[in-house]
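Novice: Structure file entry.pdb, PDB, C-alpha atoms, is pasted below:
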ATOM      1  CA  MET A  16     -15.428  16.455 -13.299  1.00  0.00           C
ATOM      2  CA  ASN A  17     -11.852  15.078 -13.258  1.00  0.00           C
ATOM      3  CA  PRO A  18     -11.393  11.298 -13.465  1.00  0.00           C
ATOM      4  CA  GLU A  19      -8.731  10.432 -10.932  1.00  0.00           C
ATOM      5  CA  LEU A  20      -7.887   8.541  -7.749  1.00  0.00           C
ATOM      6  CA  TYR A  21      -7.978  11.083  -4.941  1.00  0.00           C
ATOM      7  CA  VAL A  22      -7.063  11.241  -1.274  1.00  0.00           C
ATOM      8  CA  TYR A  23      -9.548  13.114   0.877  1.00  0.00           C
ATOM      9  CA  HIS A  24      -8.955  14.205   4.466  1.00  0.00           C
ATOM     10  CA  CYS A  25     -10.212  16.420   7.235  1.00  0.00           C
ATOM     11  CA  ALA A  26      -9.149  20.055   6.822  1.00  0.00           C
ATOM     12  CA  VAL A  27     -10.057  21.419  10.254  1.00  0.00           C
ATOM     13  CA  ALA A  28      -7.123  22.725  12.284  1.00  0.00           C
ATOM     14  CA  PRO A  29      -4.903  21.156  13.411  1.00  0.00           C
ATOM     15  CA  VAL A  30      -5.067  19.258  10.128  1.00  0.00           C
ATOM     16  CA  PRO A  31      -2.138  16.836  10.670  1.00  0.00           C
ATOM     17  CA  GLN A  32      -3.562  15.753  14.028  1.00  0.00           C
ATOM     18  CA  HIS A  33      -6.869  14.847  12.425  1.00  0.00           C
ATOM     19  CA  ILE A  34      -5.154  12.998   9.576  1.00  0.00           C
ATOM     20  CA  THR A  35      -2.939  10.927  11.863  1.00  0.00           C
ATOM     21  CA  ASN A  36      -6.096  10.021  13.798  1.00  0.00           C
ATOM     22  CA  GLY A  37      -7.467   8.407  10.632  1.00  0.00           C
ATOM     23  CA  MET A  38      -9.615  11.123   9.097  1.00  0.00           C
ATOM     24  CA  TYR A  39      -8.660  10.343   5.493  1.00  0.00           C
ATOM     25  CA  GLY A  40      -9.558   7.979   2.685  1.00  0.00           C
ATOM     26  CA  LEU A  41      -9.556   7.306  -1.058  1.00  0.00           C
ATOM     27  CA  ILE A  42     -12.156   8.137  -3.670  1.00  0.00           C
ATOM     28  CA  LEU A  43     -12.011   6.907  -7.259  1.00  0.00           C
ATOM     29  CA  VAL A  44     -13.645   8.991  -9.995  1.00  0.00           C
ATOM     30  CA  GLU A  45     -13.735   6.702 -13.020  1.00  0.00           C
ATOM     31  CA  PRO A  46     -13.587   7.971 -16.600  1.00  0.00           C
ATOM     32  CA  PRO A  47     -16.644   7.567 -18.849  1.00  0.00           C
ATOM     33  CA  GLY A  48     -17.015   3.848 -19.490  1.00  0.00           C
ATOM     34  CA  GLY A  49     -14.918   2.993 -16.439  1.00  0.00           C
ATOM     35  CA  LEU A  50     -11.461   1.513 -16.146  1.00  0.00           C
ATOM     36  CA  PRO A  51     -10.566  -1.701 -17.993  1.00  0.00           C
ATOM     37  CA  PRO A  52     -11.857  -4.733 -16.076  1.00  0.00           C
ATOM     38  CA  VAL A  53      -9.549  -6.755 -13.824  1.00  0.00           C
ATOM     39  CA  ASP A  54     -10.122  -9.834 -11.666  1.00  0.00           C
ATOM     40  CA  ARG A  55      -9.354  -8.296  -8.255  1.00  0.00           C
ATOM     41  CA  GLU A  56      -9.365  -4.722  -6.959  1.00  0.00           C
ATOM     42  CA  PHE A  57      -8.049  -3.618  -3.576  1.00  0.00           C
ATOM     43  CA  TYR A  58      -7.848  -0.270  -1.793  1.00  0.00           C
ATOM     44  CA  VAL A  59      -4.774   0.209   0.386  1.00  0.00           C
ATOM     45  CA  MET A  60      -3.845   3.363   2.300  1.00  0.00           C
ATOM     46  CA  GLN A  61      -0.672   4.140   4.183  1.00  0.00           C
ATOM     47  CA  GLY A  62      -0.684   6.359   7.246  1.00  0.00           C
ATOM     48  CA  GLU A  63       1.333   7.269  10.325  1.00  0.00           C
ATOM     49  CA  LEU A  64       0.678   7.194  14.053  1.00  0.00           C
ATOM     50  CA  TYR A  65       2.541   9.459  16.472  1.00  0.00           C
ATOM     51  CA  THR A  66       2.089   8.108  19.983  1.00  0.00           C
ATOM     52  CA  GLN A  67       3.449   9.287  23.303  1.00  0.00           C
ATOM     53  CA  GLY A  68       4.288   5.696  24.143  1.00  0.00           C
ATOM     54  CA  LYS A  69       7.020   3.735  22.425  1.00  0.00           C
ATOM     55  CA  HIS A  70       6.332   1.260  19.642  1.00  0.00           C
ATOM     56  CA  SER A  71       4.284  -1.745  20.888  1.00  0.00           C
ATOM     57  CA  GLU A  72       3.709  -0.171  24.312  1.00  0.00           C
ATOM     58  CA  LYS A  73       0.428  -1.417  25.755  1.00  0.00           C
ATOM     59  CA  GLY A  74      -2.554   0.705  26.719  1.00  0.00           C
ATOM     60  CA  LEU A  75      -4.264   3.796  25.380  1.00  0.00           C
ATOM     61  CA  GLN A  76      -1.808   5.963  23.472  1.00  0.00           C
ATOM     62  CA  ALA A  77      -2.288   9.704  23.247  1.00  0.00           C
ATOM     63  CA  LEU A  78      -0.947  11.717  20.336  1.00  0.00           C
ATOM     64  CA  SER A  79       2.582  13.079  20.593  1.00  0.00           C
ATOM     65  CA  PHE A  80       2.416  16.481  18.910  1.00  0.00           C
ATOM     66  CA  ASP A  81       6.207  16.792  19.181  1.00  0.00           C
ATOM     67  CA  LYS A  82       6.824  13.505  17.317  1.00  0.00           C
ATOM     68  CA  MET A  83       4.305  14.558  14.682  1.00  0.00           C
ATOM     69  CA  LEU A  84       6.032  17.913  14.124  1.00  0.00           C
ATOM     70  CA  ALA A  85       9.397  16.126  13.967  1.00  0.00           C
ATOM     71  CA  GLU A  86       7.926  13.622  11.463  1.00  0.00           C
ATOM     72  CA  GLN A  87       9.039  10.667  13.607  1.00  0.00           C
ATOM     73  CA  PRO A  88       6.111   8.229  13.762  1.00  0.00           C
ATOM     74  CA  GLU A  89       6.051   5.274  16.121  1.00  0.00           C
ATOM     75  CA  TYR A  90       3.942   3.398  13.574  1.00  0.00           C
ATOM     76  CA  VAL A  91       3.627   3.378   9.792  1.00  0.00           C
ATOM     77  CA  VAL A  92       0.589   1.310   8.813  1.00  0.00           C
ATOM     78  CA  PHE A  93      -1.588   0.124   5.965  1.00  0.00           C
ATOM     79  CA  ASN A  94      -5.353   0.553   6.343  1.00  0.00           C
ATOM     80  CA  GLY A  95      -5.121   2.013   9.813  1.00  0.00           C
ATOM     81  CA  ALA A  96      -3.426  -0.664  11.895  1.00  0.00           C
ATOM     82  CA  VAL A  97      -0.235  -2.684  12.277  1.00  0.00           C
ATOM     83  CA  ARG A  98      -0.426  -5.710   9.950  1.00  0.00           C
ATOM     84  CA  ALA A  99      -4.025  -4.889   9.044  1.00  0.00           C
ATOM     85  CA  LEU A 100      -3.668  -6.783   5.757  1.00  0.00           C
ATOM     86  CA  THR A 101      -2.241 -10.037   7.119  1.00  0.00           C
ATOM     87  CA  GLY A 102      -3.646 -13.282   8.490  1.00  0.00           C
ATOM     88  CA  GLU A 103      -7.374 -13.640   7.875  1.00  0.00           C
ATOM     89  CA  ARG A 104      -7.452 -10.082   6.448  1.00  0.00           C
ATOM     90  CA  ALA A 105      -4.752 -10.737   3.832  1.00  0.00           C
ATOM     91  CA  LEU A 106      -5.640  -9.824   0.265  1.00  0.00           C
ATOM     92  CA  LYS A 107      -6.453 -12.890  -1.851  1.00  0.00           C
ATOM     93  CA  ALA A 108      -6.084 -13.805  -5.510  1.00  0.00           C
ATOM     94  CA  THR A 109      -5.604 -16.847  -7.753  1.00  0.00           C
ATOM     95  CA  VAL A 110      -2.797 -17.632 -10.184  1.00  0.00           C
ATOM     96  CA  GLY A 111      -3.477 -16.018 -13.553  1.00  0.00           C
ATOM     97  CA  GLU A 112      -5.671 -13.243 -12.169  1.00  0.00           C
ATOM     98  CA  ARG A 113      -5.032  -9.590 -12.896  1.00  0.00           C
ATOM     99  CA  VAL A 114      -4.845  -7.485  -9.734  1.00  0.00           C
ATOM    100  CA  ARG A 115      -5.366  -3.736  -9.426  1.00  0.00           C
ATOM    101  CA  ILE A 116      -4.365  -1.921  -6.247  1.00  0.00           C
ATOM    102  CA  TYR A 117      -5.568   1.592  -5.572  1.00  0.00           C
ATOM    103  CA  PHE A 118      -2.863   2.904  -3.267  1.00  0.00           C
ATOM    104  CA  GLY A 119      -2.918   6.190  -1.404  1.00  0.00           C
ATOM    105  CA  VAL A 120      -0.987   7.918   1.361  1.00  0.00           C
ATOM    106  CA  GLY A 121      -2.969   9.733   4.006  1.00  0.00           C
ATOM    107  CA  GLY A 122       0.178  10.881   5.730  1.00  0.00           C
ATOM    108  CA  PRO A 123       0.273  13.375   7.233  1.00  0.00           C
ATOM    109  CA  ASN A 124       4.006  13.514   6.471  1.00  0.00           C
ATOM    110  CA  LEU A 125       5.754  10.600   4.756  1.00  0.00           C
ATOM    111  CA  THR A 126       6.125   9.741   1.083  1.00  0.00           C
ATOM    112  CA  SER A 127       5.787   6.030   0.334  1.00  0.00           C
ATOM    113  CA  SER A 128       7.927   3.828  -1.918  1.00  0.00           C
ATOM    114  CA  PHE A 129       5.184   1.297  -2.621  1.00  0.00           C
ATOM    115  CA  HIS A 130       6.400  -2.154  -3.620  1.00  0.00           C
ATOM    116  CA  VAL A 131       5.090  -5.720  -3.789  1.00  0.00           C
ATOM    117  CA  ILE A 132       7.931  -8.136  -3.082  1.00  0.00           C
ATOM    118  CA  GLY A 133       8.064 -10.778  -5.802  1.00  0.00           C
ATOM    119  CA  GLU A 134       6.108  -8.790  -8.407  1.00  0.00           C
ATOM    120  CA  ILE A 135       6.717  -6.226 -11.117  1.00  0.00           C
ATOM    121  CA  PHE A 136       3.891  -3.773 -11.779  1.00  0.00           C
ATOM    122  CA  ASP A 137       2.813  -4.285 -15.394  1.00  0.00           C
ATOM    123  CA  VAL A 138       1.123  -0.892 -15.397  1.00  0.00           C
ATOM    124  CA  VAL A 139       1.411   2.088 -13.041  1.00  0.00           C
ATOM    125  CA  TYR A 140      -0.733   5.187 -13.216  1.00  0.00           C
ATOM    126  CA  GLN A 141       1.645   7.479 -11.333  1.00  0.00           C
ATOM    127  CA  GLU A 142      -0.428   9.798  -9.179  1.00  0.00           C
ATOM    128  CA  ARG A 143      -3.225   8.406 -11.359  1.00  0.00           C
ATOM    129  CA  SER A 144      -1.863   9.938 -14.552  1.00  0.00           C
ATOM    130  CA  SER A 145      -3.952   9.170 -17.632  1.00  0.00           C
ATOM    131  CA  ARG A 146      -0.766   7.885 -19.323  1.00  0.00           C
ATOM    132  CA  PRO A 147       0.518   4.790 -17.550  1.00  0.00           C
ATOM    133  CA  VAL A 148       4.105   3.622 -17.358  1.00  0.00           C
ATOM    134  CA  THR A 149       5.005  -0.059 -17.631  1.00  0.00           C
ATOM    135  CA  ASN A 150       7.245  -2.608 -15.911  1.00  0.00           C
ATOM    136  CA  VAL A 151       7.826  -0.725 -12.668  1.00  0.00           C
ATOM    137  CA  GLN A 152       9.329  -2.286  -9.554  1.00  0.00           C
ATOM    138  CA  THR A 153       8.625   0.429  -6.978  1.00  0.00           C
ATOM    139  CA  THR A 154       6.491   3.543  -7.281  1.00  0.00           C
ATOM    140  CA  MET A 155       6.335   6.702  -5.217  1.00  0.00           C
ATOM    141  CA  ALA A 156       3.170   8.076  -3.675  1.00  0.00           C
ATOM    142  CA  PRO A 157       3.464  11.405  -1.834  1.00  0.00           C
ATOM    143  CA  ALA A 158       1.581  12.301   1.320  1.00  0.00           C
ATOM    144  CA  GLY A 159      -1.889  13.235   0.130  1.00  0.00           C
ATOM    145  CA  GLY A 160      -1.303  11.466  -3.197  1.00  0.00           C
ATOM    146  CA  ALA A 161      -2.356   8.207  -4.808  1.00  0.00           C
ATOM    147  CA  THR A 162      -1.387   5.789  -7.543  1.00  0.00           C
ATOM    148  CA  ILE A 163      -2.867   2.766  -9.282  1.00  0.00           C
ATOM    149  CA  VAL A 164      -0.823  -0.370  -9.977  1.00  0.00           C
ATOM    150  CA  GLU A 165      -1.773  -3.456 -11.966  1.00  0.00           C
ATOM    151  CA  PHE A 166      -0.109  -6.837 -12.327  1.00  0.00           C
ATOM    152  CA  THR A 167      -0.919 -10.465 -13.105  1.00  0.00           C
ATOM    153  CA  VAL A 168      -0.001 -13.026 -10.471  1.00  0.00           C
ATOM    154  CA  ASP A 169       1.859 -15.875 -12.146  1.00  0.00           C
ATOM    155  CA  VAL A 170       2.781 -18.181  -9.256  1.00  0.00           C
ATOM    156  CA  PRO A 171       1.190 -19.084  -5.919  1.00  0.00           C
ATOM    157  CA  GLY A 172       2.542 -17.805  -2.638  1.00  0.00           C
ATOM    158  CA  ASP A 173       2.468 -14.865  -0.244  1.00  0.00           C
ATOM    159  CA  TYR A 174       3.510 -11.557  -1.784  1.00  0.00           C
ATOM    160  CA  LEU A 175       4.490  -8.830   0.691  1.00  0.00           C
ATOM    161  CA  LEU A 176       3.140  -5.299   0.294  1.00  0.00           C
ATOM    162  CA  VAL A 177       5.666  -2.885   1.749  1.00  0.00           C
ATOM    163  CA  ASP A 178       6.927   0.644   1.771  1.00  0.00           C
ATOM    164  CA  HIS A 179      10.413   0.072   0.365  1.00  0.00           C
ATOM    165  CA  SER A 180      11.774   2.498   2.932  1.00  0.00           C
ATOM    166  CA  LEU A 181      12.028  -0.842   4.676  1.00  0.00           C
ATOM    167  CA  SER A 182      12.595   0.270   8.260  1.00  0.00           C
ATOM    168  CA  ARG A 183       8.890   1.147   8.113  1.00  0.00           C
ATOM    169  CA  LEU A 184       8.206  -2.577   7.865  1.00  0.00           C
ATOM    170  CA  GLU A 185       9.327  -2.780  11.500  1.00  0.00           C
ATOM    171  CA  LYS A 186       6.873   0.002  12.318  1.00  0.00           C
ATOM    172  CA  GLY A 187       3.928  -1.971  10.935  1.00  0.00           C
ATOM    173  CA  ALA A 188       3.763  -1.250   7.181  1.00  0.00           C
ATOM    174  CA  LEU A 189       3.183  -4.796   5.957  1.00  0.00           C
ATOM    175  CA  GLY A 190       0.448  -6.414   3.944  1.00  0.00           C
ATOM    176  CA  ILE A 191       0.130  -9.820   2.311  1.00  0.00           C
ATOM    177  CA  LEU A 192      -1.378 -10.796  -1.020  1.00  0.00           C
ATOM    178  CA  HIS A 193      -2.070 -14.517  -0.698  1.00  0.00           C
ATOM    179  CA  VAL A 194      -2.167 -16.201  -4.114  1.00  0.00           C
ATOM    180  CA  GLU A 195      -3.491 -19.735  -4.536  1.00  0.00           C
ATOM    181  CA  GLY A 196      -3.241 -22.004  -7.562  1.00  0.00           C
ATOM    182  CA  ALA A 197      -1.051 -24.538  -9.299  1.00  0.00           C
ATOM    183  CA  GLU A 198       2.715 -24.339  -8.986  1.00  0.00           C
ATOM    184  CA  GLN A 199       4.484 -22.897 -12.043  1.00  0.00           C
ATOM    185  CA  PRO A 200       7.974 -24.493 -12.074  1.00  0.00           C
ATOM    186  CA  ASP A 201       8.750 -22.998 -15.488  1.00  0.00           C
ATOM    187  CA  ILE A 202       8.470 -19.545 -13.889  1.00  0.00           C
ATOM    188  CA  PHE A 203       9.579 -20.166 -10.310  1.00  0.00           C
ATOM    189  CA  ASN A 204      11.078 -23.361  -8.926  1.00  0.00           C
ATOM    190  CA  THR A 205      10.283 -23.582  -5.217  1.00  0.00           C
ATOM    191  CA  GLU A 206      13.110 -26.081  -4.700  1.00  0.00           C
ATOM    192  CA  GLY A 207      15.557 -23.373  -5.755  1.00  0.00           C
ATOM    193  CA  ALA A 208      13.929 -20.916  -3.355  1.00  0.00           C
ATOM    194  CA  ALA A 209      15.407 -22.815  -0.417  1.00  0.00           C
ATOM    195  CA  SER A 210      18.918 -21.980  -1.611  1.00  0.00           C
ATOM    196  CA  GLY A 211      18.534 -18.372  -0.550  1.00  0.00           C
ATOM    197  CA  ALA A 212      16.935 -16.679  -3.582  1.00  0.00           C
ATOM    198  CA  SER A 213      14.988 -13.693  -2.354  1.00  0.00           C
ATOM    199  CA  GLY A 214      12.487 -13.470  -5.212  1.00  0.00           C
ATOM    200  CA  HIS A 215      13.014  -9.705  -5.026  1.00  0.00           C
TER
END
Can I see the file as structure tokens?
Specialist:
Amino acid sequence: MNPELYVYHCAVAPVPQHITNGMYGLILVEPPGGLPPVDREFYVMQGELYTQGKHSEKGLQALSFDKMLAEQPEYVVFNGAVRALTGERALKATVGERVRIYFGVGGPNLTSSFHVIGEIFDVVYQERSSRPVTNVQTTMAPAGGATIVEFTVDVPGDYLLVDHSLSRLEKGALGILHVEGAEQPDIFNTEGAASGASGH
């Protein structure tokens, strides 16, 4: 009945334990007539893992209830795993295409500062508000909340999806949008990139 991008999750006690174990997702309820068309659409969800072992420790890792209650995850991830959206599973687009990302946070605890390094969001539906804001660099998504961002990719390259609470990058929250197409020296000169420009 309410067009929106929603997070759903298990609600059986203990709820945060079930959420950190991956029992969450996104569901889009489109308005009558749908959303305006774009060239590429991607669903990305951020979540946390609270393991008894330390980060990158090998072997089966049981849940640490104490770390979960202290809100100190060993891992912060996109789509359920460290670097799940990299390598062969990287998101893909072509220069000139309009990209829409449906972004949600399963949690159970952290708020995300969602950002794509090298891009500005042309349009952001904050918590999927019906009134978008424009020209946004970083947008917040609370635990259990979602947002929609749209942008047009103007130059080729690898754009990094991150939580701009950037220490979480070291905990696994990294994705790549790989964009192919012709170089656009009028927009971005790759020779100048070698001089130390961050593109941020």
Novice: If the PyMOL selection byres ((chain A and resi 180-190) around 10) were run on this exact file, what residues would it hold? Put them as a CSV table (one decimal) with C-alpha atoms, keeping the file's coordinate frame.
Specialist:
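The result, written out as expr_28.csv:
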chain,number,residue,atom,x,y,z
A,59,VAL,CA,-4.8,0.2,0.4
A,61,GLN,CA,-0.7,4.1,4.2
A,62,GLY,CA,-0.7,6.4,7.2
A,63,GLU,CA,1.3,7.3,10.3
A,64,LEU,CA,0.7,7.2,14.1
A,70,HIS,CA,6.3,1.3,19.6
A,71,SER,CA,4.3,-1.7,20.9
A,88,PRO,CA,6.1,8.2,13.8
A,89,GLU,CA,6.1,5.3,16.1
A,90,TYR,CA,3.9,3.4,13.6
A,91,VAL,CA,3.6,3.4,9.8
A,92,VAL,CA,0.6,1.3,8.8
A,93,PHE,CA,-1.6,0.1,6.0
A,94,ASN,CA,-5.4,0.6,6.3
A,95,GLY,CA,-5.1,2.0,9.8
A,96,ALA,CA,-3.4,-0.7,11.9
A,97,VAL,CA,-0.2,-2.7,12.3
A,98,ARG,CA,-0.4,-5.7,10.0
A,99,ALA,CA,-4.0,-4.9,9.0
A,100,LEU,CA,-3.7,-6.8,5.8
A,101,THR,CA,-2.2,-10.0,7.1
A,102,GLY,CA,-3.6,-13.3,8.5
A,104,ARG,CA,-7.5,-10.1,6.4
A,105,ALA,CA,-4.8,-10.7,3.8
A,106,LEU,CA,-5.6,-9.8,0.3
A,126,THR,CA,6.1,9.7,1.1
A,127,SER,CA,5.8,6.0,0.3
A,128,SER,CA,7.9,3.8,-1.9
A,129,PHE,CA,5.2,1.3,-2.6
A,130,HIS,CA,6.4,-2.2,-3.6
A,131,VAL,CA,5.1,-5.7,-3.8
A,173,ASP,CA,2.5,-14.9,-0.2
A,174,TYR,CA,3.5,-11.6,-1.8
A,175,LEU,CA,4.5,-8.8,0.7
A,176,LEU,CA,3.1,-5.3,0.3
A,177,VAL,CA,5.7,-2.9,1.7
A,178,ASP,CA,6.9,0.6,1.8
A,179,HIS,CA,10.4,0.1,0.4
A,191,ILE,CA,0.1,-9.8,2.3
A,192,LEU,CA,-1.4,-10.8,-1.0
A,193,HIS,CA,-2.1,-14.5,-0.7
Novice: Check the smallest atom-to-atom distance from each of A:Pro147, A:Phe203, A:Tyr58, A:Ala158 to His24 in chain A using only C-alpha atoms, then report the winner.
Specialist: A:Ala158
Novice: My list of candidates is A:Asp54, A:Asp201, A:Glu103, A:Gly68. Which is closest to Val168 in chain A when distances are computed with all atoms listed in the file?
Specialist: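 Of A:Asp54, A:Asp201, A:Glu103, A:Gly68, the one nearest Val168 in chain A is A:Asp54, counting all atoms listed in the file.
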Novice: Expanded to explicit residues, what is the PyMOL selection byres ((chain A and resi 53) around 8) for this file, as a VMD selection string?
Specialist: chain A and resid 51 to 52 54 to 56 112 to 115
Novice: Take the residues from that selection and put them in a file with C-alpha atoms, as a compact mmCIF listing (two decimals), keeping the file's coordinate frame.
Specialist:
# COMPACT_ATOMS: atom_id res chain seq x y z
CA PRO A 51 -10.57 -1.70 -17.99
CA PRO A 52 -11.86 -4.73 -16.08
CA ASP A 54 -10.12 -9.83 -11.67
CA ARG A 55 -9.35 -8.30 -8.26
CA GLU A 56 -9.36 -4.72 -6.96
CA GLU A 112 -5.67 -13.24 -12.17
CA ARG A 113 -5.03 -9.59 -12.90
CA VAL A 114 -4.84 -7.48 -9.73
CA ARG A 115 -5.37 -3.74 -9.43
Novice: From the set A:Ala28, A:Val164, A:Val22, A:Ala156, which residue has the shortest atom-to-atom contact distance to Ile42 in chain A, counting all atoms listed in the file?
Specialist: A:Val22
Novice: Any idea what the distance is between CA of Leu20 in chain A and CA of Leu84 in chain A?
Specialist: 27.6 Å
Novice: Rounded to one decimal in Å, what is the spacing between CA of Lys82 in chain A and CA of Glu142 in chain A?
Specialist: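 Between CA of Lys82 in chain A and CA of Glu142 in chain A the gap is 27.7 Å.
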Novice: Using all atoms listed in the file, give me every residue within 9 Å of (-7.6, 10.7, -8.4) in file coordinates, as a list in words.
Specialist: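 Result, sorted by chain then residue number: Asn17, Pro18, Glu19, Leu20, Tyr21, Val22, Leu41, Ile42, Leu43, Val44, Glu45, Glu142, Arg143, Ser144, Gly160, Ala161 and Thr162 of chain A.
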Novice: For the PyMOL selection byres ((chain A and resi 135) around 10), applied here, can you spell out every residue it catches as a PyMOL selection string?
Specialist: chain A and resi 130-134+136-138+149-153+164-168+215
Novice: Using only C-alpha atoms, pick whichever of A:Gln87, A:Lys107, A:Pro200, A:Met16 has the shortest atom-to-atom distance to Pro46 in chain A.
Specialist: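 Closest to Pro46 in chain A of all the choices is A:Met16.
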Novice: Quick check, in Å to one decimal: how far apart do CA of Ala108 in chain A and CA of Met155 in chain A lie?
Specialist: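 Between these atoms lies a distance of 24.0 Å.
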Novice: Can you list, as an NGL selection string, every protein, DNA or RNA residue that comes within 6 Å of Thr66 in chain A when you count only C-alpha atoms, leaving out same-chain residues fewer than 3 positions away?
Specialist: :A and (76-79)
Novice: For each of A:Ile116, A:Gly74, A:Glu198, A:Pro157, take the minimum atom-to-atom distance to Phe57 in chain A, counting all atoms listed in the file, then give the residue where this is smallest.
Specialist: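 Among A:Ile116, A:Gly74, A:Glu198, A:Pro157, it is A:Ile116 that comes nearest to Phe57 in chain A.
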Novice: Would you mind completing range 34-45 of chain A so that it carries N, CA, C and O atoms, and writing it out as a CSV table (one decimal), keeping the file's coordinate frame?
Specialist:
chain,number,residue,atom,x,y,z
A,34,ILE,N,-5.5,14.0,10.6
A,34,ILE,CA,-5.2,13.0,9.6
A,34,ILE,C,-4.5,11.8,10.3
A,34,ILE,O,-4.9,10.7,10.0
A,35,THR,N,-3.6,12.1,11.2
A,35,THR,CA,-2.9,10.9,11.9
A,35,THR,C,-3.9,10.1,12.7
A,35,THR,O,-3.7,8.9,12.9
A,36,ASN,N,-5.0,10.7,13.1
A,36,ASN,CA,-6.1,10.0,13.8
A,36,ASN,C,-7.0,9.3,12.9
A,36,ASN,O,-8.0,8.7,13.3
A,37,GLY,N,-6.7,9.3,11.6
A,37,GLY,CA,-7.5,8.4,10.6
A,37,GLY,C,-8.5,9.1,9.8
A,37,GLY,O,-9.3,8.4,9.1
A,38,MET,N,-8.6,10.4,9.8
A,38,MET,CA,-9.6,11.1,9.1
A,38,MET,C,-9.2,11.4,7.7
A,38,MET,O,-8.9,12.5,7.2
A,39,TYR,N,-9.0,10.3,6.9
A,39,TYR,CA,-8.7,10.3,5.5
A,39,TYR,C,-9.2,9.1,4.8
A,39,TYR,O,-9.6,8.1,5.4
A,40,GLY,N,-9.1,9.1,3.5
A,40,GLY,CA,-9.6,8.0,2.7
A,40,GLY,C,-9.3,8.2,1.2
A,40,GLY,O,-8.7,9.2,0.8
A,41,LEU,N,-9.7,7.2,0.4
A,41,LEU,CA,-9.6,7.3,-1.1
A,41,LEU,C,-10.9,7.4,-1.7
A,41,LEU,O,-11.9,6.8,-1.3
A,42,ILE,N,-11.0,8.1,-2.8
A,42,ILE,CA,-12.2,8.1,-3.7
A,42,ILE,C,-11.7,8.0,-5.1
A,42,ILE,O,-10.8,8.8,-5.6
A,43,LEU,N,-12.3,7.1,-5.9
A,43,LEU,CA,-12.0,6.9,-7.3
A,43,LEU,C,-13.1,7.5,-8.1
A,43,LEU,O,-14.3,7.2,-7.9
A,44,VAL,N,-12.7,8.4,-9.0
A,44,VAL,CA,-13.6,9.0,-10.0
A,44,VAL,C,-13.3,8.4,-11.3
A,44,VAL,O,-12.2,8.7,-11.9
A,45,GLU,N,-14.1,7.4,-11.8
A,45,GLU,CA,-13.7,6.7,-13.0
A,45,GLU,C,-14.0,7.5,-14.3
A,45,GLU,O,-15.0,8.3,-14.3
